[in-house]
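For reference, the structure discussed in these notes is given below.
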Amino acid sequence: MKPGISSPQVKHSSTLRLFIGSLALLVLAGCASQPPWPAIAEGETITSTQGRWIWAELFTSDVAEAKAFYGSVFGWQFETRGTSEKPYTLVLNEGRPVAGMLRHPAADGDVLRSRWVGLVSVGDVDAVSDRARNAGASILLDPVDLPGRGRVALVADPEGARFGLLATGAAGDPPDVMPEAGGWLWHELWAGSVNSAARFYKETVGYSIKSTGRTPGKIEQHLVAGGFPRAGIIEQSASGLPSAWLHYIRVDNLQQTIERVKRAGGSILIAPTSEFRRGHAAVIVDPMGAPLGIAEWPEESTAGEKG
């Protein structure tokens, strides 16, 4: 997905405070000793491309409610893996793995009871974690092996935006193709300083930086890996909010998806408007408070154009 349009308006800043809050990501470490984790790709896989966003985990206080919501909105299917004490929910789109769900009990004072964390493909999790730490990031979860999944770490960049690192190793990454409806389309960092954020991700993950030149009055840059944009950064300094990653799901019909969100108990954080993604995208919130982008994308777009 090529953003190429104006970033969200400051008028949404009060509602965007839903992005703020703590998250006990160490739940992953506690699960490391359970039976093998499901791989993020079944069947055909490819060699990893450092900088591709290849997975996402939903940390939620109510897995059953999350399954009901996302199943109704996107038609996702679910498989429970692991043990009854430490269950893991594998999310499938048209039978293919796209995400996972982990129960994370909400603590008193939590702003959110649910949130998405995206994971980036890297060849050496330990080396990237070290570079991130040296560049001012916080390592929320030190590199750990998850049997069957690969090696993973969780990071908060210097502005506090959380993301994961994943090396799938011999298991391989999912094919690098344009996603079907219900798959991950784009990943976007809403940052206090685009230039500082771009420098951090260039130094740590190894992205090339490309200015879009499509947003008059706004600073926007793309993070490029393997010859294609993989994510975007847009500046939100005027909002005064912490930096945060927003992940987008591709949908066939934006308005119909919005209606399903409402019927399933979710809400609309940013409705379609010409000022936001030219009316082709929206930001929704699941019943537990996790923000998520949804967007239409024309069929004629090529795989590399998805970001």
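Each chain in the structure tokens gets a letter, A, B, ..., in the order shown, and its residues are numbered from 1; ligands are numbered from 1 in order too.
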
Sorted by chain and rising residue number, list the residues of range 159-255 of chain A at most 12 Å from range 79-95 of chain A (counting only C-alpha atoms), each with its closest atom pair and distance in Å to one decimal, as a Markdown table.
```
| residue | atom | partner | partner_atom | distance |
| --- | --- | --- | --- | --- |
| A:Pro179 | CA | A:Asn93 | CA | 10.0 |
| A:Glu180 | CA | A:Asn93 | CA | 8.5 |
| A:Ala181 | CA | A:Asn93 | CA | 8.4 |
| A:Gly182 | CA | A:Asn93 | CA | 6.1 |
| A:Gly183 | CA | A:Asn93 | CA | 6.8 |
| A:Trp184 | CA | A:Asn93 | CA | 10.2 |
| A:Ile249 | CA | A:Asn93 | CA | 11.1 |
| A:Arg250 | CA | A:Asn93 | CA | 11.4 |
| A:Val251 | CA | A:Asn93 | CA | 11.9 |
```

Mind running range 130-224 of chain A against range 54-65 of chain A at 12 Å and telling me each contacting residue's nearest atom pair with the distance in Å (one decimal), counting only C-alpha atoms, chain and number ascending, as a tab-separated table?
```
residue	atom	partner	partner_atom	distance
A:Arg149	CA	A:Trp55	CA	11.0
A:Val152	CA	A:Trp55	CA	11.4
A:Leu154	CA	A:Glu57	CA	11.3
A:Arg162	CA	A:Ala56	CA	11.7
A:Phe163	CA	A:Ala56	CA	9.1
A:Gly164	CA	A:Ala56	CA	8.5
A:Leu165	CA	A:Trp55	CA	9.6
A:Leu166	CA	A:Ile54	CA	8.4
A:Ala167	CA	A:Ile54	CA	10.1
A:Thr168	CA	A:Ile54	CA	9.9
A:Gly172	CA	A:Ile54	CA	10.6
A:Asp173	CA	A:Ile54	CA	7.1
A:Pro174	CA	A:Ile54	CA	7.0
A:Pro175	CA	A:Ile54	CA	9.4
A:Asp176	CA	A:Ile54	CA	9.1
A:Val177	CA	A:Ile54	CA	11.2
A:Pro179	CA	A:Ile54	CA	11.3
A:Gly183	CA	A:Trp55	CA	10.2
A:Trp184	CA	A:Trp55	CA	8.4
A:Leu185	CA	A:Ile54	CA	10.6
A:Trp186	CA	A:Ile54	CA	10.8
A:His187	CA	A:Ile54	CA	10.5
```

Among the residues A:Ser243, A:Thr204, A:Ser72, A:Asn134, the one that comes closest to Leu189 in chain A [using only C-alpha atoms]: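 The closest residue to Leu189 in chain A is A:Ser243.
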
Counting only C-alpha atoms, which residue out of A:Ser267, A:Gly118, A:Ala295, A:Glu275 sits closest to Phe69 in chain A?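 Residue with the minimum atom-to-atom distance to Phe69 in chain A: A:Ser267.
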
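Counting only C-alpha atoms, the residue from A:Leu246, A:Pro298, A:Asp145, A:Ile139 that sits nearest to Val285 in chain A is A:Leu246.
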
Selection near Gly232 in chain A, 7 Å with only C-alpha atoms, sequence-local residues under 2 positions removed, as a PyMOL selection string: chain A and resi 187-189+221-223+234

Writing out the chosen residues with N, CA and C atoms as a CSV table (one decimal), in the first residue's frame:
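As written to disk, selection.csv reads:
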```csv
chain,number,residue,atom,x,y,z
A,187,HIS,N,2.0,-1.1,7.0
A,187,HIS,CA,2.4,-0.8,8.4
A,187,HIS,C,2.9,0.6,8.5
A,188,GLU,N,2.5,1.3,9.5
A,188,GLU,CA,2.7,2.8,9.5
A,188,GLU,C,3.0,3.3,10.9
A,189,LEU,N,4.1,4.0,11.0
A,189,LEU,CA,4.6,4.5,12.2
A,189,LEU,C,4.1,6.0,12.3
A,221,GLN,N,7.8,9.5,5.1
A,221,GLN,CA,8.9,8.8,4.4
A,221,GLN,C,8.5,7.3,4.4
A,222,HIS,N,9.1,6.6,3.5
A,222,HIS,CA,8.9,5.1,3.4
A,222,HIS,C,10.2,4.4,3.8
A,223,LEU,N,10.0,3.2,4.4
A,223,LEU,CA,11.0,2.3,4.8
A,223,LEU,C,11.1,1.3,3.7
A,234,ILE,N,4.9,8.7,9.3
A,234,ILE,CA,4.3,10.1,9.1
A,234,ILE,C,4.4,10.8,10.4
```

List every residue of range 70-299 of chain A that DSSP, applied to the backbone, labels as alpha helix (DSSP H), and write the result as a PyMOL selection string. chain A and resi 70-74+125-134+194-204+254-263

With C-alpha atoms retained, export the selected residues as an mmCIF file, in the first residue's frame.
```
data_model
loop_
_atom_site.group_PDB
_atom_site.id
_atom_site.type_symbol
_atom_site.label_atom_id
_atom_site.label_comp_id
_atom_site.auth_asym_id
_atom_site.auth_seq_id
_atom_site.Cartn_x
_atom_site.Cartn_y
_atom_site.Cartn_z
ATOM 1 C CA TYR A 70 -12.342 -10.627 14.095
ATOM 2 C CA GLY A 71 -14.112 -13.685 12.754
ATOM 3 C CA SER A 72 -17.225 -11.579 12.086
ATOM 4 C CA VAL A 73 -15.330 -8.634 10.597
ATOM 5 C CA PHE A 74 -12.689 -10.364 8.451
ATOM 6 C CA VAL A 125 17.672 -11.001 16.125
ATOM 7 C CA ASP A 126 20.505 -10.583 18.610
ATOM 8 C CA ALA A 127 22.508 -8.234 16.394
ATOM 9 C CA VAL A 128 19.489 -6.071 15.551
ATOM 10 C CA SER A 129 18.498 -5.959 19.229
ATOM 11 C CA ASP A 130 21.986 -4.786 20.151
ATOM 12 C CA ARG A 131 21.931 -2.084 17.487
ATOM 13 C CA ALA A 132 18.491 -0.974 18.656
ATOM 14 C CA ARG A 133 19.652 -0.724 22.262
ATOM 15 C CA ASN A 134 22.736 1.238 21.245
ATOM 16 C CA VAL A 194 9.974 11.410 11.081
ATOM 17 C CA ASN A 195 13.654 12.126 10.534
ATOM 18 C CA SER A 196 14.747 10.717 13.887
ATOM 19 C CA ALA A 197 12.544 7.643 13.484
ATOM 20 C CA ALA A 198 13.769 7.002 9.933
ATOM 21 C CA ARG A 199 17.363 7.264 11.105
ATOM 22 C CA PHE A 200 16.711 4.750 13.886
ATOM 23 C CA TYR A 201 15.099 2.147 11.617
ATOM 24 C CA LYS A 202 17.783 2.634 8.970
ATOM 25 C CA GLU A 203 20.582 2.098 11.498
ATOM 26 C CA THR A 204 18.986 -0.884 13.232
ATOM 27 C CA LEU A 254 -14.476 -0.443 3.256
ATOM 28 C CA GLN A 255 -18.025 0.628 4.076
ATOM 29 C CA GLN A 256 -19.301 -2.912 4.452
ATOM 30 C CA THR A 257 -16.372 -3.731 6.734
ATOM 31 C CA ILE A 258 -17.134 -0.683 8.876
ATOM 32 C CA GLU A 259 -20.718 -1.860 9.272
ATOM 33 C CA ARG A 260 -19.497 -5.296 10.353
ATOM 34 C CA VAL A 261 -17.160 -3.647 12.878
ATOM 35 C CA LYS A 262 -20.093 -1.806 14.430
ATOM 36 C CA ARG A 263 -22.349 -4.872 14.493
#
```

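All residues of protein, DNA or RNA that reach within 6 Å of Gly293 in chain A, judged by only C-alpha atoms and not counting those fewer than 6 positions away in the chain, are His247, Tyr248, Ala282 and Val283 of chain A.
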